[in-house]
Amino acid sequence: MIKSLKYLPQPAAPSSTLAERFAELVPALTLRQAAIESARCLYCYEAPCTRICPSEIDVASFIRNIHAHNINGAAAGILKQNILGGSCARVCPTEILCEAACVRNHDEGRPVKIGLLQRHALDNMAFASHPFPRAPSTGRTVAVVGAGPAGLSCAHRLAMLGNDVVIFEAKEKPGGLNEYGIAKYKLTDNFTQQEVAFLLGVGGIEIQYGQTLGANVLLKNLHAKYDAVFLALGLGSSRQLGLTGEDAPGLLAAVDYIAALRQADDLIEMPLPARALVIGAGNTAIDMAVQIKRLGAQEVTLVYRRGEDEMTATCHERNLAKANQVRIYTWARPQHVLLNTAGLVAGMRFQKTRLEGGRLIDSGDTFEIAADAIFKAIGQSLARDGLGDLLAETGQRESDKIVVDGQFRTVLPGIYAGGDCVAPGQDLTVQAVQHGKLAAIAIHADIQSKLETAPWQT
């Protein structure tokens, strides 16, 4: 139970019904469907779908392998570039990446179902052993802070290259946003933990849980003890609305509710408002709104200060919200949290907005929306506490993110960073995986370079 919502009732629907509502939205392809869909691929030379893929998966090649009934070959090709390709096949916005670039859009108006084919390959692979054996040991150990997509990807590639890795993870489970921050209907059946178990099968990776940077783990100590440190911190601090009453019971970060929902053994245990407000415009806001509606909320309203076309949530996600009877209210800025006589959230007052000379301004008109709970999904920032012992003073930062060079090096020698915590970044799982992979390659090269030059320095 989430403490700030403990006064709310629980869902009225039985557990079995709720479980059905949170089953996967799109079923997996059957063998026949995969055969038909893979045959639609034109196997383009310098395929645009491959060029746009953030993790550089050779899309045409793995689809050709599926068509040739070489599932393991298809899976190996995907995993070579993206070790978390199974989760990315489910959560990656393929509709604006590889599938948007597919040339079939031009002659048929319908792209090849690349995401579903990638999922088909990885769900049906059957390797006798881990497909990527480790290189001979380098005798070096790297610390990775954070067991999310970037950290796991970095650890796996480092281990493949012969390094030992120790991951320091604050939570009880690995996976990061895949485990705690994605809508339950996107990653079902404990898929994240199954994928992590496969990744760890390469060997040489140890995960220590309950290890929080800035609390019981200090960056300066990691820097002194290990040959390199990779920061895969994510964005763990929810931004504030800056309104009076923001700390009142009934108003909380959407990511906190989503995490509790994903970890619930029985969805009937979740607190459920009859009327819910979601503030935000991204995919997290959509995830929150759709899930609370599927739990049984009577009214769910998503409010954004600009127009719908400027929402960062993809068109696919916005359509999903509308299909689940989520009302999307645009051109409105939160102005005041409304409380009842008991000090609990009762709704929110909004200021209508408009564009004037390219700038967003308040119109002067206000309106109120009643709600039993308000969920803010206005973005997250990098928590400052964890870096306070070293990087906060000497590291460059941009928009609350860590600045790195093209090899993911920070300004401090031996400390690297990647994923959502670095600038620039798109906050995509697939990009975080790519950051981790490329950072691992850079870390390994730097370590080897030091080993080669060490004798001449003594």
# chains A, B, ... in the order shown; residues from 1 in each chain; ligands from 1

call {"tool": "closest_atom_pairs", "arguments": {"of": "range 142-190 of chain A", "to": "range 212-220 of chain A", "cutoff": "12 Å", "atoms": "only C-alpha atoms", "output": "tab-separated table"}}
result
residue	atom	partner	partner_atom	distance
A:Ala143	CA	A:Leu219	CA	10.0
A:Val144	CA	A:Leu219	CA	10.7
A:Val145	CA	A:Leu213	CA	7.6
A:Gly146	CA	A:Thr212	CA	9.0
A:Ala147	CA	A:Thr212	CA	11.6
A:Ile167	CA	A:Thr212	CA	11.2
A:Phe168	CA	A:Thr212	CA	7.5
A:Glu169	CA	A:Thr212	CA	6.7
A:Ala170	CA	A:Thr212	CA	4.6
A:Lys171	CA	A:Thr212	CA	8.2
A:Glu172	CA	A:Thr212	CA	11.2

call {"tool": "closest_atom_pairs", "arguments": {"of": "range 272-367 of chain A", "to": "range 19-37 of chain A", "cutoff": "9 Å", "atoms": "only C-alpha atoms", "output": "CSV"}}
result
residue,atom,partner,partner_atom,distance
A:Gln291,CA,A:Phe22,CA,8.1
A:Arg294,CA,A:Arg21,CA,6.2
A:Leu295,CA,A:Arg21,CA,7.9

call {"tool": "write_last_selection", "arguments": {"atoms": "N, CA and C atoms", "output": "PDB file, in the first residue's frame"}}
result
ATOM      1  N   GLN A 291      -3.145   2.749 -16.976  1.00  0.00           N
ATOM      2  CA  GLN A 291      -3.160   1.717 -15.937  1.00  0.00           C
ATOM      3  C   GLN A 291      -4.193   2.008 -14.855  1.00  0.00           C
ATOM      4  N   ARG A 294      -7.501   1.076 -16.239  1.00  0.00           N
ATOM      5  CA  ARG A 294      -7.699  -0.375 -16.316  1.00  0.00           C
ATOM      6  C   ARG A 294      -7.913  -0.997 -14.937  1.00  0.00           C
ATOM      7  N   LEU A 295      -7.410  -0.332 -13.911  1.00  0.00           N
ATOM      8  CA  LEU A 295      -7.667  -0.812 -12.560  1.00  0.00           C
ATOM      9  C   LEU A 295      -9.119  -0.586 -12.142  1.00  0.00           C
TER      10      LEU A 295
END

call {"tool": "closest_residue", "arguments": {"among": "A:Leu320, A:Leu117, A:Val91, A:Leu177", "to": "Asn65 in chain A", "atoms": "only C-alpha atoms"}}
result
A:Leu117

call {"tool": "atom_distance", "arguments": {"atom1": "CA of Pro48 in chain A", "atom2": "CA of Gln434 in chain A"}}
result
18.1 Å

call {"tool": "residues_around", "arguments": {"residues": "Thr314 in chain A", "least_positions_apart": "5", "cutoff": "9 Å", "atoms": "only C-alpha atoms", "output": "list of chain:residue names"}}
result
A:Pro93, A:Glu95, A:Ile96, A:Gly282, A:Asn283, A:Asn319

call {"tool": "residues_around", "arguments": {"residues": "Gln335 in chain A", "least_positions_apart": "4", "cutoff": "10 Å", "atoms": "only C-alpha atoms", "output": "number ranges by chain"}}
result
A: 241-244, 348-352, 366-368

call {"tool": "write_last_selection", "arguments": {"atoms": "N, CA, C and O atoms", "output": "compact mmCIF listing (two decimals), in the first residue's frame"}}
result
# COMPACT_ATOMS: atom_id res chain seq x y z
N LEU A 241 6.03 20.33 -9.00
CA LEU A 241 5.14 21.29 -9.64
C LEU A 241 5.37 22.69 -9.09
O LEU A 241 5.09 23.68 -9.76
N GLY A 242 5.86 22.76 -7.84
CA GLY A 242 6.10 24.06 -7.23
C GLY A 242 4.84 24.71 -6.71
O GLY A 242 4.74 25.95 -6.67
N LEU A 243 3.86 23.91 -6.29
CA LEU A 243 2.58 24.43 -5.83
C LEU A 243 2.38 24.16 -4.35
O LEU A 243 2.85 23.13 -3.83
N THR A 244 1.69 25.04 -3.68
CA THR A 244 1.31 24.80 -2.29
C THR A 244 0.37 23.60 -2.24
O THR A 244 -0.54 23.46 -3.05
N MET A 348 -7.74 20.03 -8.60
CA MET A 348 -6.72 21.02 -8.96
C MET A 348 -7.35 22.13 -9.77
O MET A 348 -8.26 21.91 -10.58
N ARG A 349 -6.87 23.36 -9.53
CA ARG A 349 -7.27 24.50 -10.35
C ARG A 349 -6.21 24.70 -11.42
O ARG A 349 -5.00 24.64 -11.17
N PHE A 350 -6.68 24.97 -12.64
CA PHE A 350 -5.79 25.15 -13.78
C PHE A 350 -5.97 26.53 -14.39
O PHE A 350 -7.07 27.10 -14.38
N GLN A 351 -4.88 27.03 -14.93
CA GLN A 351 -4.88 28.27 -15.69
C GLN A 351 -4.83 27.91 -17.18
O GLN A 351 -3.97 27.15 -17.62
N LYS A 352 -5.78 28.43 -17.94
CA LYS A 352 -5.76 28.17 -19.38
C LYS A 352 -4.58 28.91 -20.01
O LYS A 352 -4.24 30.03 -19.62
N THR A 366 -9.47 30.50 -15.58
CA THR A 366 -9.16 29.31 -14.78
C THR A 366 -10.35 28.37 -14.76
O THR A 366 -11.48 28.76 -15.05
N PHE A 367 -10.08 27.13 -14.41
CA PHE A 367 -11.13 26.13 -14.22
C PHE A 367 -10.62 25.09 -13.25
O PHE A 367 -9.41 25.01 -12.99
N GLU A 368 -11.50 24.29 -12.72
CA GLU A 368 -11.13 23.28 -11.73
C GLU A 368 -11.58 21.90 -12.18
O GLU A 368 -12.62 21.77 -12.84

call {"tool": "select_by_dssp", "arguments": {"residues": "range 217-338 of chain A", "states": "strand (DSSP E)", "output": "JSON list (two decimals) with N, CA, C and O atoms, in the first residue's frame"}}
result
[["chain", "number", "residue", "atom", "x", "y", "z"],
["A", 228, "ALA", "N", 37.87, 1.14, -13.20],
["A", 228, "ALA", "CA", 37.03, 2.15, -13.84],
["A", 228, "ALA", "C", 35.66, 2.10, -13.18],
["A", 228, "ALA", "O", 35.30, 1.10, -12.54],
["A", 229, "VAL", "N", 34.91, 3.18, -13.33],
["A", 229, "VAL", "CA", 33.56, 3.26, -12.78],
["A", 229, "VAL", "C", 32.62, 3.74, -13.88],
["A", 229, "VAL", "O", 32.92, 4.74, -14.56],
["A", 230, "PHE", "N", 31.50, 3.03, -14.05],
["A", 230, "PHE", "CA", 30.49, 3.46, -15.01],
["A", 230, "PHE", "C", 29.23, 3.83, -14.24],
["A", 230, "PHE", "O", 28.67, 3.02, -13.50],
["A", 231, "LEU", "N", 28.77, 5.06, -14.41],
["A", 231, "LEU", "CA", 27.58, 5.55, -13.74],
["A", 231, "LEU", "C", 26.37, 5.38, -14.65],
["A", 231, "LEU", "O", 26.28, 6.00, -15.71],
["A", 237, "SER", "N", 14.99, 11.34, -9.39],
["A", 237, "SER", "CA", 14.32, 12.37, -8.61],
["A", 237, "SER", "C", 13.20, 13.00, -9.42],
["A", 237, "SER", "O", 13.44, 13.58, -10.48],
["A", 238, "SER", "N", 11.96, 12.87, -8.95],
["A", 238, "SER", "CA", 10.81, 13.42, -9.67],
["A", 238, "SER", "C", 10.76, 14.94, -9.52],
["A", 238, "SER", "O", 10.97, 15.48, -8.42],
["A", 251, "LEU", "N", -1.38, 13.23, -3.64],
["A", 251, "LEU", "CA", -0.60, 13.74, -4.78],
["A", 251, "LEU", "C", 0.79, 13.12, -4.71],
["A", 251, "LEU", "O", 1.50, 13.29, -3.72],
["A", 252, "LEU", "N", 1.15, 12.41, -5.74],
["A", 252, "LEU", "CA", 2.46, 11.76, -5.75],
["A", 252, "LEU", "C", 2.96, 11.58, -7.17],
["A", 252, "LEU", "O", 2.22, 11.80, -8.14],
["A", 253, "ALA", "N", 4.22, 11.19, -7.27],
["A", 253, "ALA", "CA", 4.83, 10.97, -8.58],
["A", 253, "ALA", "C", 4.25, 9.73, -9.23],
["A", 253, "ALA", "O", 4.07, 8.70, -8.57],
["A", 275, "ARG", "N", -11.73, 9.16, -9.20],
["A", 275, "ARG", "CA", -11.40, 10.21, -10.17],
["A", 275, "ARG", "C", -9.90, 10.51, -10.05],
["A", 275, "ARG", "O", -9.42, 10.83, -8.97],
["A", 276, "ALA", "N", -9.19, 10.38, -11.15],
["A", 276, "ALA", "CA", -7.74, 10.57, -11.13],
["A", 276, "ALA", "C", -7.32, 11.64, -12.12],
["A", 276, "ALA", "O", -7.87, 11.74, -13.22],
["A", 277, "LEU", "N", -6.35, 12.44, -11.71],
["A", 277, "LEU", "CA", -5.73, 13.44, -12.57],
["A", 277, "LEU", "C", -4.28, 13.06, -12.82],
["A", 277, "LEU", "O", -3.57, 12.68, -11.88],
["A", 278, "VAL", "N", -3.84, 13.13, -14.07],
["A", 278, "VAL", "CA", -2.44, 12.88, -14.41],
["A", 278, "VAL", "C", -1.90, 14.15, -15.07],
["A", 278, "VAL", "O", -2.49, 14.64, -16.04],
["A", 279, "ILE", "N", -0.81, 14.67, -14.54],
["A", 279, "ILE", "CA", -0.21, 15.88, -15.08],
["A", 279, "ILE", "C", 1.04, 15.49, -15.85],
["A", 279, "ILE", "O", 1.99, 14.94, -15.28],
["A", 280, "GLY", "N", 1.06, 15.75, -17.15],
["A", 280, "GLY", "CA", 2.23, 15.40, -17.94],
["A", 280, "GLY", "C", 1.88, 15.16, -19.39],
["A", 280, "GLY", "O", 0.71, 15.19, -19.78],
["A", 299, "GLU", "N", -13.11, 8.03, -13.72],
["A", 299, "GLU", "CA", -12.71, 9.15, -14.56],
["A", 299, "GLU", "C", -11.20, 9.33, -14.47],
["A", 299, "GLU", "O", -10.66, 9.41, -13.37],
["A", 300, "VAL", "N", -10.56, 9.43, -15.62],
["A", 300, "VAL", "CA", -9.12, 9.70, -15.66],
["A", 300, "VAL", "C", -8.90, 10.83, -16.66],
["A", 300, "VAL", "O", -9.29, 10.73, -17.82],
["A", 301, "THR", "N", -8.28, 11.90, -16.19],
["A", 301, "THR", "CA", -8.02, 13.06, -17.04],
["A", 301, "THR", "C", -6.53, 13.35, -17.06],
["A", 301, "THR", "O", -5.90, 13.47, -16.00],
["A", 302, "LEU", "N", -5.97, 13.45, -18.23],
["A", 302, "LEU", "CA", -4.56, 13.81, -18.41],
["A", 302, "LEU", "C", -4.52, 15.26, -18.87],
["A", 302, "LEU", "O", -5.19, 15.63, -19.84],
["A", 303, "VAL", "N", -3.76, 16.09, -18.18],
["A", 303, "VAL", "CA", -3.71, 17.53, -18.46],
["A", 303, "VAL", "C", -2.29, 17.93, -18.86],
["A", 303, "VAL", "O", -1.32, 17.55, -18.22],
["A", 327, "ARG", "N", -9.43, 10.97, -20.79],
["A", 327, "ARG", "CA", -9.68, 12.30, -21.35],
["A", 327, "ARG", "C", -8.38, 13.10, -21.35],
["A", 327, "ARG", "O", -7.73, 13.21, -20.30],
["A", 328, "ILE", "N", -8.02, 13.64, -22.48],
["A", 328, "ILE", "CA", -6.80, 14.45, -22.59],
["A", 328, "ILE", "C", -7.21, 15.92, -22.71],
["A", 328, "ILE", "O", -7.91, 16.31, -23.65],
["A", 329, "TYR", "N", -6.78, 16.71, -21.73],
["A", 329, "TYR", "CA", -7.13, 18.13, -21.68],
["A", 329, "TYR", "C", -5.85, 18.94, -21.87],
["A", 329, "TYR", "O", -4.92, 18.85, -21.07],
["A", 332, "ALA", "N", -3.52, 23.85, -20.56],
["A", 332, "ALA", "CA", -3.89, 24.13, -19.18],
["A", 332, "ALA", "C", -2.68, 23.89, -18.27],
["A", 332, "ALA", "O", -2.05, 22.84, -18.34],
["A", 333, "ARG", "N", -2.41, 24.86, -17.40],
["A", 333, "ARG", "CA", -1.25, 24.79, -16.50],
["A", 333, "ARG", "C", -1.73, 24.67, -15.06],
["A", 333, "ARG", "O", -2.61, 25.43, -14.63],
["A", 334, "PRO", "N", -1.18, 23.71, -14.29],
["A", 334, "PRO", "CA", -1.57, 23.60, -12.88],
["A", 334, "PRO", "C", -1.31, 24.90, -12.13],
["A", 334, "PRO", "O", -0.23, 25.50, -12.26],
["A", 335, "GLN", "N", -2.30, 25.34, -11.37],
["A", 335, "GLN", "CA", -2.17, 26.59, -10.63],
["A", 335, "GLN", "C", -2.27, 26.41, -9.12],
["A", 335, "GLN", "O", -1.55, 27.04, -8.36],
["A", 336, "HIS", "N", -3.16, 25.50, -8.68],
["A", 336, "HIS", "CA", -3.39, 25.36, -7.25],
["A", 336, "HIS", "C", -3.95, 23.98, -6.94],
["A", 336, "HIS", "O", -4.84, 23.49, -7.64],
["A", 337, "VAL", "N", -3.41, 23.35, -5.89],
["A", 337, "VAL", "CA", -3.92, 22.06, -5.43],
["A", 337, "VAL", "C", -5.11, 22.31, -4.51],
["A", 337, "VAL", "O", -5.01, 23.08, -3.55],
["A", 338, "LEU", "N", -6.21, 21.66, -4.80],
["A", 338, "LEU", "CA", -7.41, 21.80, -3.98],
["A", 338, "LEU", "C", -7.44, 20.70, -2.93],
["A", 338, "LEU", "O", -7.21, 19.54, -3.24]]

call {"tool": "closest_residue", "arguments": {"among": "A:Pro133, A:Gly162, A:Gly175, A:Gly181", "to": "Tyr209 in chain A", "atoms": "only C-alpha atoms"}}
result
A:Gly175

call {"tool": "residues_around", "arguments": {"residues": "range 414-428 of chain A", "least_positions_apart": "4", "cutoff": "7 Å", "atoms": "only C-alpha atoms", "output": "list in words"}}
result
Ala150, Ala228, Val229, Phe230, Leu231, Ala232, Leu233, Gly234, Leu235, Leu382, Glu398, Lys401, Ile402, Val403, Val404, Phe408, Arg409, Thr410, Ala432, His435 and Gly436 of chain A

call {"tool": "write_last_selection", "arguments": {"atoms": "N, CA and C atoms", "output": "short mmCIF file (atom, residue, chain, number, x, y, z; two decimals), in the first residue's frame"}}
result
data_model
loop_
_atom_site.label_atom_id
_atom_site.label_comp_id
_atom_site.auth_asym_id
_atom_site.auth_seq_id
_atom_site.Cartn_x
_atom_site.Cartn_y
_atom_site.Cartn_z
N ALA A 150 21.21 0.59 -19.07
CA ALA A 150 22.56 1.04 -19.41
C ALA A 150 23.60 0.27 -18.61
N ALA A 228 37.87 1.14 -13.20
CA ALA A 228 37.03 2.15 -13.84
C ALA A 228 35.66 2.10 -13.18
N VAL A 229 34.91 3.18 -13.33
CA VAL A 229 33.56 3.26 -12.78
C VAL A 229 32.62 3.74 -13.88
N PHE A 230 31.50 3.03 -14.05
CA PHE A 230 30.49 3.46 -15.01
C PHE A 230 29.23 3.83 -14.24
N LEU A 231 28.77 5.06 -14.41
CA LEU A 231 27.58 5.55 -13.74
C LEU A 231 26.37 5.38 -14.65
N ALA A 232 25.45 4.52 -14.23
CA ALA A 232 24.20 4.30 -14.97
C ALA A 232 23.06 4.60 -14.00
N LEU A 233 22.99 5.85 -13.59
CA LEU A 233 22.15 6.26 -12.47
C LEU A 233 20.68 6.43 -12.83
N GLY A 234 20.39 6.60 -14.11
CA GLY A 234 19.02 6.93 -14.46
C GLY A 234 18.67 8.31 -13.93
N LEU A 235 17.37 8.57 -13.84
CA LEU A 235 16.88 9.84 -13.32
C LEU A 235 15.93 9.53 -12.18
N LEU A 382 18.28 14.16 -12.29
CA LEU A 382 19.34 13.41 -11.65
C LEU A 382 19.44 13.83 -10.19
N GLU A 398 24.84 19.52 -17.27
CA GLU A 398 24.02 20.28 -18.20
C GLU A 398 22.58 19.84 -18.03
N LYS A 401 22.03 16.93 -15.91
CA LYS A 401 22.59 15.69 -16.41
C LYS A 401 24.12 15.79 -16.47
N ILE A 402 24.76 14.65 -16.51
CA ILE A 402 26.22 14.60 -16.55
C ILE A 402 26.69 14.76 -17.98
N VAL A 403 27.68 15.60 -18.19
CA VAL A 403 28.24 15.80 -19.52
C VAL A 403 29.37 14.78 -19.75
N VAL A 404 29.31 14.09 -20.89
CA VAL A 404 30.34 13.12 -21.25
C VAL A 404 30.84 13.42 -22.66
N PHE A 408 31.94 8.49 -23.68
CA PHE A 408 31.20 8.40 -22.41
C PHE A 408 32.10 8.62 -21.20
N ARG A 409 33.20 9.35 -21.40
CA ARG A 409 34.07 9.73 -20.30
C ARG A 409 33.56 11.02 -19.66
N THR A 410 33.56 11.07 -18.34
CA THR A 410 33.31 12.33 -17.65
C THR A 410 34.62 13.10 -17.58
N ALA A 432 19.69 3.72 -23.96
CA ALA A 432 20.46 3.41 -22.76
C ALA A 432 21.29 2.16 -22.96
N HIS A 435 24.23 3.09 -25.08
CA HIS A 435 25.23 3.82 -24.29
C HIS A 435 26.09 2.85 -23.48
N GLY A 436 25.43 1.90 -22.81
CA GLY A 436 26.17 0.94 -22.00
C GLY A 436 27.14 0.13 -22.81
#

call {"tool": "select_by_dssp", "arguments": {"residues": "range 176-322 of chain A", "states": "helix (DSSP H, G or I)", "output": "JSON, numbers by chain"}}
result
{"A": [177, 178, 179, 180, 191, 192, 193, 194, 195, 196, 197, 198, 199, 200, 219, 220, 221, 222, 223, 224, 225, 254, 255, 256, 257, 258, 259, 260, 261, 262, 263, 267, 268, 269, 283, 284, 285, 286, 287, 288, 289, 290, 291, 292, 293, 294, 295, 308, 309, 310, 315, 316, 317, 318, 319, 320, 321, 322]}

call {"tool": "closest_residue", "arguments": {"among": "A:Arg64, A:Ala281, A:Cys41, A:Asn163", "to": "Glu317 in chain A", "atoms": "only C-alpha atoms"}}
result
A:Ala281

call {"tool": "residues_around", "arguments": {"residues": "Cys49 in chain A", "least_positions_apart": "5", "cutoff": "7 Å", "atoms": "only C-alpha atoms", "output": "PyMOL selection string"}}
result
chain A and resi 59+98-99+101-102

call {"tool": "closest_residue", "arguments": {"among": "A:His130, A:Lys322, A:Arg306, A:Gln118", "to": "Asp362 in chain A", "atoms": "only C-alpha atoms"}}
result
A:Arg306

call {"tool": "closest_residue", "arguments": {"among": "A:Arg305, A:Arg90, A:Asp123, A:Leu267", "to": "Thr353 in chain A", "atoms": "only C-alpha atoms"}}
result
A:Arg305

call {"tool": "closest_residue", "arguments": {"among": "A:Thr141, A:Gln240, A:Gln325, A:Gln194", "to": "Phe375 in chain A", "atoms": "only C-alpha atoms"}}
result
A:Gln240

call {"tool": "atom_distance", "arguments": {"atom1": "CA of Gln208 in chain A", "atom2": "CA of Gly139 in chain A"}}
result
20.0 Å

call {"tool": "residues_around", "arguments": {"residues": "Gly203 in chain A", "least_positions_apart": "5", "cutoff": "9 Å", "atoms": "only C-alpha atoms", "output": "ChimeraX atom specification"}}
result
/A:133-134,156,159-160,164
